[in-house]
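Chemist: What follows is protein.csv; its format and atoms are CSV, C-alpha atoms.
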chain,number,residue,atom,x,y,z
A,5,MET,CA,-174.8,107.2,-6.2
A,6,SER,CA,-172.3,108.2,-8.8
A,7,ALA,CA,-171.2,111.8,-9.4
A,8,ALA,CA,-173.0,111.8,-12.8
A,9,GLN,CA,-176.2,110.7,-11.1
A,10,ARG,CA,-175.9,113.5,-8.5
A,11,ALA,CA,-175.3,116.0,-11.2
A,12,GLY,CA,-178.3,114.8,-13.0
A,13,LEU,CA,-180.4,115.2,-9.9
A,14,MET,CA,-179.1,118.8,-9.4
A,15,ARG,CA,-180.0,119.6,-13.0
A,16,LEU,CA,-183.6,118.9,-12.1
A,17,LEU,CA,-183.5,122.1,-10.0
A,18,GLU,CA,-182.1,124.2,-12.8
A,19,GLY,CA,-183.3,122.8,-16.1
A,20,ARG,CA,-186.4,123.6,-18.0
A,21,ASP,CA,-188.8,121.3,-19.9
A,22,SER,CA,-189.9,122.1,-23.5
A,23,ASP,CA,-193.0,123.8,-22.2
A,24,GLY,CA,-191.0,126.1,-19.9
A,25,THR,CA,-191.7,124.4,-16.6
A,26,THR,CA,-188.8,123.2,-14.5
A,27,LEU,CA,-187.8,119.6,-14.7
A,28,PHE,CA,-188.4,119.5,-10.9
A,29,ASN,CA,-192.1,120.2,-11.5
A,30,ARG,CA,-192.2,117.4,-14.0
A,31,LEU,CA,-191.3,115.0,-11.1
A,32,LYS,CA,-194.3,116.1,-9.1
A,33,LYS,CA,-196.8,116.0,-12.0
A,34,PRO,CA,-199.6,113.5,-11.4
A,35,ALA,CA,-200.9,111.1,-14.0
A,36,LYS,CA,-203.8,112.4,-16.2
A,37,GLY,CA,-206.9,110.7,-17.5
A,38,PRO,CA,-206.7,107.3,-19.2
A,39,THR,CA,-206.1,108.2,-22.8
A,40,TRP,CA,-203.6,106.6,-25.1
A,41,SER,CA,-201.7,109.9,-25.5
A,42,TYR,CA,-201.4,110.3,-21.7
A,43,PHE,CA,-200.4,106.7,-21.4
A,44,GLU,CA,-197.6,107.2,-23.9
A,45,ASN,CA,-196.5,110.4,-22.0
A,46,LEU,CA,-196.4,108.4,-18.8
A,47,ALA,CA,-194.3,105.7,-20.4
A,48,GLN,CA,-191.9,108.3,-21.6
A,49,ARG,CA,-191.8,109.8,-18.1
A,50,LEU,CA,-190.8,106.4,-16.8
A,51,GLU,CA,-188.0,106.1,-19.3
A,52,TRP,CA,-186.9,109.6,-18.3
A,53,LEU,CA,-186.9,108.7,-14.6
A,54,ASP,CA,-185.1,105.4,-15.3
A,55,GLU,CA,-182.2,107.5,-16.9
A,56,PHE,CA,-181.3,108.7,-13.4
A,57,GLY,CA,-180.5,105.2,-12.3
A,58,ASP,CA,-181.9,102.6,-10.1
A,59,THR,CA,-183.4,104.6,-7.2
A,60,ASP,CA,-183.9,101.4,-5.2
A,61,VAL,CA,-180.2,101.2,-4.8
A,62,TRP,CA,-180.0,104.8,-3.5
A,63,ARG,CA,-182.4,104.1,-0.7
A,64,ASP,CA,-180.7,100.9,0.5
A,65,GLY,CA,-180.5,100.9,4.2
A,66,VAL,CA,-182.9,103.9,4.6
A,67,ALA,CA,-186.3,103.4,6.2
A,68,GLU,CA,-189.3,103.8,3.8
A,69,GLY,CA,-190.8,106.3,6.2
A,70,LYS,CA,-187.7,108.5,6.0
A,71,ILE,CA,-187.8,108.4,2.1
A,72,THR,CA,-191.5,109.5,2.3
A,73,ASP,CA,-190.7,112.3,4.7
A,74,PHE,CA,-187.8,113.5,2.5
A,75,ALA,CA,-189.9,113.4,-0.6
A,76,GLY,CA,-192.7,115.3,1.1
A,77,GLU,CA,-190.3,117.9,2.4
A,78,CYS,CA,-188.8,118.3,-1.1
A,79,GLY,CA,-192.2,118.6,-2.7
A,80,ARG,CA,-193.5,121.1,-0.3
A,81,GLY,CA,-190.4,123.2,-0.4
A,82,GLY,CA,-190.6,123.6,-4.1
A,83,ARG,CA,-187.7,124.1,-6.5
A,84,ARG,CA,-186.5,127.3,-4.9
A,85,GLY,CA,-186.7,126.1,-1.4
A,86,THR,CA,-184.9,122.9,-2.2
A,87,ALA,CA,-182.3,124.5,-4.4
A,88,GLY,CA,-181.3,126.9,-1.6
A,89,LEU,CA,-180.7,124.1,1.0
A,90,ARG,CA,-177.3,123.9,2.6
A,91,PRO,CA,-175.4,121.5,2.8
A,92,PRO,CA,-175.7,120.2,-0.8
A,93,VAL,CA,-175.9,116.6,0.6
A,94,LYS,CA,-179.3,117.3,2.1
A,95,ARG,CA,-180.4,118.8,-1.2
A,96,ILE,CA,-179.3,115.7,-3.1
A,97,ALA,CA,-181.0,113.4,-0.5
A,98,LEU,CA,-184.3,115.3,-0.8
A,99,VAL,CA,-184.3,115.3,-4.6
A,100,ALA,CA,-183.3,111.6,-4.7
A,101,ALA,CA,-186.2,110.7,-2.4
A,102,LEU,CA,-188.6,112.7,-4.6
A,103,THR,CA,-187.2,111.1,-7.7
A,104,HIS,CA,-187.6,107.6,-6.1
A,105,LYS,CA,-191.2,108.4,-5.1
A,106,ALA,CA,-192.0,109.8,-8.6
A,107,ARG,CA,-190.6,106.7,-10.2
A,108,MET,CA,-192.7,104.4,-7.9
A,109,ARG,CA,-195.8,106.5,-8.6
A,110,VAL,CA,-195.3,106.3,-12.4
A,111,ARG,CA,-194.7,102.6,-12.2
A,112,ASP,CA,-198.0,102.2,-10.3
A,113,ASP,CA,-199.9,104.5,-12.6
A,114,LEU,CA,-198.9,102.9,-15.9
A,115,PRO,CA,-200.8,99.6,-15.4
A,116,THR,CA,-203.7,101.3,-13.7
A,117,MET,CA,-204.1,103.7,-16.7
A,118,PHE,CA,-203.7,100.8,-19.1
A,119,CYS,CA,-206.5,98.8,-17.4
A,120,LYS,CA,-208.8,101.9,-17.2
A,121,ARG,CA,-208.2,102.6,-20.9
A,122,GLY,CA,-208.8,98.9,-21.8
A,123,ALA,CA,-212.0,98.9,-19.7
A,124,THR,CA,-213.3,102.0,-21.5
A,125,LYS,CA,-212.6,100.4,-24.9
A,126,ILE,CA,-214.3,97.1,-23.9
A,127,ALA,CA,-217.4,99.1,-22.7
A,128,GLN,CA,-217.5,100.9,-26.0
A,129,VAL,CA,-217.3,97.7,-28.0
A,130,ARG,CA,-219.9,96.0,-25.8
A,131,ALA,CA,-222.3,98.9,-26.3
A,132,GLU,CA,-221.7,98.8,-30.1
A,133,LEU,CA,-222.3,95.0,-30.2
A,134,GLU,CA,-225.5,95.3,-28.2
A,135,LYS,CA,-226.7,98.1,-30.5
A,136,THR,CA,-225.9,95.9,-33.5
A,137,TRP,CA,-227.6,92.9,-32.0
A,138,ARG,CA,-230.8,94.8,-31.2
A,139,THR,CA,-230.9,96.3,-34.7
A,140,SER,CA,-230.4,92.9,-36.3
A,141,ARG,CA,-233.2,91.3,-34.2
A,142,ARG,CA,-235.7,93.9,-35.6
A,143,ILE,CA,-235.0,92.8,-39.2
Would you kindly transcribe this structure into structure tokens?

Modeler:
Amino acid sequence: MSAAQRAGLMRLLEGRDSDGTTLFNRLKKPAKGPTWSYFENLAQRLEWLDEFGDTDVWRDGVAEGKITDFAGECGRGGRRGTAGLRPPVKRIALVAALTHKARMRVRDDLPTMFCKRGATKIAQVRAELEKTWRTSRRI
């Protein structure tokens, strides 16, 4: 991990989003309902997470269970608990693990949300077609 990437991860603990919440909380935010606006927001979040770098490279040689444990510890500790950790290497490791898990979650949520949204639209179109068909049969 480069020095710029480490600095970017540390900014997550200090920076604020446009709505006043910390960038750290943005990492932990779950996906919302399957609407196009939420889908676009999720796609933007993936782009934002990708700006930190390839998190798969960071975890090379580290067991997946350890990454999950670190991400859980970071998420439970919150921004203040994580920001106060000493030594800074542990802080970076925990935030990197949480960033990796967030990136994985968003990459899983995007196609799921797209499929759910598509299924909703298909159901609406099907209902409209059936309604039209029933109406036309009466004529």

Chemist: With all atoms listed in the file as the basis for distance, which of A:Arg49, A:Arg63, A:Arg95, A:Lys105 is at the shortest distance from Arg30 of chain A?

Modeler: A:Arg49

Chemist: For a test of reading the model, state the distance in Å between atom CA of Asn29 of chain A and atom CA of Gly82 of chain A, rounded to one decimal.

Modeler: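 Value for the atom CA of Asn29 of chain A-atom CA of Gly82 of chain A distance: 8.3 Å.
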
Chemist: Which of these residues is nearest to Gly76 of chain A, using only C-alpha atoms: A:Asp60, A:Asp112, A:Asn45, A:Lys32?

Modeler: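 Among the listed residues, the smallest separation from Gly76 of chain A belongs to A:Lys32.
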
Chemist: Between atom CA of Gly122 of chain A and atom CA of Arg141 of chain A, what is the distance, to one decimal in Å?

Modeler: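 Atom CA of Gly122 of chain A sits 28.4 Å away from atom CA of Arg141 of chain A.
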
Chemist: Got a sec: who's within 12 Å of Ala8 of chain A, counting all atoms listed in the file, leaving out chain neighbours fewer than 6 positions off, as a PyMOL selection string?

Modeler: chain A and resi 14-15+55-57

Chemist: Would you compute the distance between atom CA of Trp52 of chain A and atom CA of Asp21 of chain A? Give it in Å to one decimal.

Modeler: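 According to the coordinates, atom CA of Trp52 of chain A and atom CA of Asp21 of chain A are separated by 12.0 Å.
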
Chemist: Looking at A:Met117, A:Val66, A:Glu132, A:Arg10, which one is nearest to Val93 of chain A, with distances taken over all atoms listed in the file?

Modeler: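 So, comparing all the options, the nearest one is A:Arg10.
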
Chemist: At a cut-off of 7 Å, using all atoms listed in the file, what residues contact Leu98 of chain A? Leave out same-chain residues fewer than 5 positions from it and give the result as a ChimeraX atom specification.

Modeler: /A:74-75,78

Chemist: Could you give me the axis-aligned bounding box of segment 37-48 of chain A, with 3 Å of padding per side, as centre plus edge lengths in Å to one decimal, as lines of an AutoDock Vina configuration file?

Modeler:
center_x = -199.4
center_y = 108.2
center_z = -21.5
size_x = 21.0
size_y = 11.0
size_z = 14.0

Chemist: Give the answer as one residue: which of A:Ala35, A:Ala127, A:Leu133, A:Ala97 has the shortest atom-to-atom distance to Pro115 of chain A, using only C-alpha atoms?

Modeler: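 Residue with the minimum atom-to-atom distance to Pro115 of chain A: A:Ala35.
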
Chemist: With all atoms listed in the file as the basis for distance, which of A:Val99, A:Ala47, A:Leu53, A:Cys119 is at the shortest distance from Thr72 of chain A?

Modeler: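 Under the stated criterion, the closest residue is A:Val99.
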
Chemist: So, with only C-alpha atoms as the atoms that count, which of A:Phe28, A:Lys120, A:Asp54, A:Phe43 lies closest to Arg80 of chain A?

Modeler: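 For Arg80 of chain A, the nearest of the candidates is A:Phe28.
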